[in-house]
Amino acid sequence: MGADREEAEARLLAARQALRAGVDRSRALGRALARDAARVEGIRARLPAMEASARPIRAPPEALAAAGRDIDRALGPAAAVLKVFDAVHGLEAALLARGSLAGDLPGYLAVLAQLEAALRLLADNCGLAAQWLADIVAYLGERDLADPRFVADLTEQLERLKKDHSAGLDAGLLAAALGILEAEFRRLLAEHSAPLAMKEPDSSSPASVVPSRIPASVVHKLSLILDRLAANGRLDRCSAAYADARGDTVGASLRALGLDYLKETSEDAQALSPSVERWGRHLEFAVHHLLEAERKLCVAVFERRPEAMPSCFAEIAARAGILDFLKFGRALADTRKDPIKLLRLLDVFDSLNKLRLDFNRLFGGKACAEIQSRTRELVKVVVDGSVEIFEELLVQVELQRNMPPPVDGGVPRLVSFVAKYCNQLLVEPYRSVLTQVITIHRSWRKEAFDDKMLVDAVLNIVRTLEINFETWSKAYGDTTLSCLFMMNIHWHFFKHLKGTKLGELLGDAWLREHEQYKDYFSAVFLRESWGTLAPLLSREGLIMFSKGQATARDLVKQRLKSFNANFDEMFQKQSTWVISDRDLQQKTCHLVVQAIVPIYRSFMQNYGPLVEQDISSSKYVKYSAEDLDKMLNTLFLPKPGRPRRAGSFQIKHSGDKITSAMTGLYRSASTLK
């Protein structure tokens with residue numbers, strides 16, 4: 001009995017444990033089911049779509065048979081478009097390999113042309129194929145031949161394809177290829193656009209035409225690349241890159257000549273004068289050689305896109321610094337009015353006139369409007385300024401009439417300046433240039449002008465200057481100094497104008513008249529000054545007292561004393577006077593010596609012993625004949641650094657304000673060449 005009970009208890013315990021384990025498993029399963037309930041609901045929600053995907057076409061076979069022909073017609077163009085897509089992707093390797101571009105540009109461009117053709121075909125047909133497919137999808141949906149969800153999804157995808165068919169068809173392949181091509185364009189320019197090794201041109205060794213520095217083969221490549229880039233809307237970027245590279249190259253080549261003077265500013269034309277000649281040479285060199293060669297290169301590179309060439313060349317010219325040349329000319333035109341300024345303005349006009357046809361050819365298009373405008377403005381201010389100064393020259397010479405003459409009787413700087421200046425205006429190149437300038441200016445006012453009128457105007461200036469001579473001579477309080485002045489000035493005219501163009505136009509009779517005036521005033525000068533000393537050594541009265549030595553000695557002392565006093569006074573006074581011409585100075589001194597020394601020597605030889613025996617002889621015998629000779633030959637020598645009056649040439653400016661435009665013609669005269 002006991003054993004049976006124990007066995008029964010054991011079975012009950014095992015059953016209880018089994019029931020407890022089952023309950024635990026049920027609870028765990030319940031919790032798992034609770035956790036997966038949401039997932040099950042999601043699966044249940046997707047079942048219809050999965051069913052539609054698995055069986056999108058649910059129509060009976062007979063209904064589908066009727067639509068089969070239309071479906072086949074729509075799928076044909078779509079299949080062709082897909083083949084084009086495959087071809088586009090097949091070009092990717094060749095187009096993205098940069099090595100193929102450097103080694104075979106024509107081959108690369110041919111592949112690029114294939115890509116462009118394929119993209120054009122896709123652009124033309126992709127939308128059409130998508131539209132046909134959309135029509136078929138709509139047909140299936142309208143007739144309930146396919147699951148609505150399937151139809152809606154296809155419709156959405158086709159709408160997106162139709163909307164985006166014009167962009168992104170090549171996944172950016174064309175843009176990448178064009179970028180590579182543009183980089184090659186810039187590389188070729190950079191490799192062949194180094195500044196040239198320049199040597200400043202001059203009149204003795206004119207510069208030869210500067211070679212292109214870009215080989216013909218490279219020019220051909222640039223032209224081909226530019227054409228393809230332009231065909232894809234990148235012409236502006238190519239033009240800008242080309243203008244940057246070539247403009248900077250030409251500008252650097254020019255700057256190597258030393259163009260810092262183009263930035264100079266001054267109110268004085270003479271300060272800019274040394275740079276004007278260089279300006280003309282450099283401008284001619286830049287236009288005839290650098291810009292001319294650059295334009296030919298530009299035409300060759302833009303051969304297939306000629307419409308873009310003018311604006312590109314205009315940018316190159318601007319970057320090269322052509323406007324800086326025009327600004328320098330304008331800076332000169334804005335300086336104070338000055339006779340020397342007239343010559344420099346004529347130099348500027350002459351340079352521009354020689355380049356007129358080149359300017360019209362190189363800068364004639366609308367793209368060079370700023371260069372044309374600046375050039376016209378410069379020509380106008382140069383013409384106006386030149387004529388204004390020339391027409392005032394006569395007035396300015398007349399104004400000098402009231403100026404005091406040189407205190408030493410020398411030639412006024414104004415006289416030497418005007419004589420040389422007027423002669424310069426009457427010889428080439430200034431004569432023809434000035435005639436042309438005035439002719440242009442008069443034509444604006446519907447007036448005529450010719451070379452004869454220019455000659456008459458210049459000769460009138462010289463004749464007006466002659467009138468000043470008489471006025472100046474009367475300003476001297478000393479008659480002999482007045483004669484010396486007139487002798488100086490008439491001889492200056494005769495000597496410095498004889499053999500010149502101005503002297504030729506004035507005539508031999510006019511020149512001889514000045515020579516005769518010189519001789520006349522020389523004779524009057526000698527008679528009225530040194531000629532008055534000879535009578536003081538007269539022998540009158542000495543012969544009759546020859547037997548009375550005491551009386552004769554007193555008379556000799558008296559005459560020597562009077563001679564010495566007058567000689568000392570005259571020598572001291574005239575030692576500050578000047579004869580400007582060396583030959584005339586020597587000749588005049590010789591005449592003075594001949595007028596005095598022989599008479600003095602003879603007098604001393606005959607009567608000197610009477611005085612020399614006296615203990616006070618030094619009071620009366622101050623000079624020997626040799627002393628007088630040496631002293632008189634030192635007269636009338638120019639004194640360095642002594643100022644000249646009647647030589648400040650002033651130009652009247654606007655507002656009735658008179659300003660010295662020359663700082664004295666002393667400096668101006670030296671600038672004439």
# chains A, B, ... in the order shown; residues from 1 in each chain; ligands from 1
>>> select_by_dssp(residues="segment 298-333 of chain A", states="alpha helix (DSSP H)", output="number ranges by chain")
A: 298-301, 309-320, 322-333
>>> closest_atom_pairs(of="segment 275-337 of chain A", to="segment 236-244 of chain A", cutoff="9 Å", atoms="only C-alpha atoms", output="CSV")
residue,atom,partner,partner_atom,distance
A:Cys298,CA,A:Tyr242,CA,8.9
A:Ala308,CA,A:Ser239,CA,7.4
A:Met309,CA,A:Ser239,CA,8.2
A:Ser311,CA,A:Ser239,CA,8.5
A:Cys312,CA,A:Ala243,CA,5.8
A:Phe313,CA,A:Ala243,CA,7.1
A:Ala314,CA,A:Ala243,CA,8.7
A:Glu315,CA,A:Ala243,CA,6.0
A:Ile316,CA,A:Ala243,CA,5.1
A:Ala317,CA,A:Ala243,CA,8.9
A:Arg319,CA,A:Asp244,CA,7.8
>>> write_last_selection(atoms="C-alpha atoms", output="PDB file, in the first residue's frame")
ATOM      1  CA  CYS A 298      42.362  85.932 -83.446  1.00  0.00           C
ATOM      2  CA  ALA A 308      32.736  86.425 -81.749  1.00  0.00           C
ATOM      3  CA  MET A 309      36.112  87.653 -83.044  1.00  0.00           C
ATOM      4  CA  SER A 311      34.559  91.575 -79.221  1.00  0.00           C
ATOM      5  CA  CYS A 312      37.335  89.176 -78.242  1.00  0.00           C
ATOM      6  CA  PHE A 313      39.981  91.255 -80.057  1.00  0.00           C
ATOM      7  CA  ALA A 314      38.621  94.442 -78.491  1.00  0.00           C
ATOM      8  CA  GLU A 315      39.090  92.894 -75.052  1.00  0.00           C
ATOM      9  CA  ILE A 316      42.633  91.826 -75.969  1.00  0.00           C
ATOM     10  CA  ALA A 317      43.497  95.353 -77.132  1.00  0.00           C
ATOM     11  CA  ARG A 319      44.021  94.382 -71.768  1.00  0.00           C
TER      12      ARG A 319
END
>>> closest_residue(among="A:Pro406, A:Gly531, A:Gly365, A:Pro640", to="Ile599 of chain A", atoms="only C-alpha atoms")
A:Gly531
>>> residues_around(residues="Asn423 of chain A", least_positions_apart="2", cutoff="8 Å", atoms="only C-alpha atoms", output="count of residues only")
9
>>> residues_around(residues="segment 567-580 of chain A", least_positions_apart="3", cutoff="8 Å", atoms="only C-alpha atoms", output="list of chain:residue names")
A:Val407, A:Asp408, A:Gly409, A:Gly410, A:Val411, A:Leu481, A:Leu484, A:Asn488, A:Ser529, A:Trp530, A:Leu533, A:Phe563, A:Asn564, A:Leu584, A:Gln585, A:Leu632, A:Thr634, A:Leu635, A:Phe636, A:Leu637, A:Pro638, A:Lys639
>>> residues_around(residues="Leu181 of chain A", least_positions_apart="3", cutoff="8 Å", atoms="only C-alpha atoms", output="VMD selection string")
chain A and resid 101 177 to 178 184 to 185 225 229
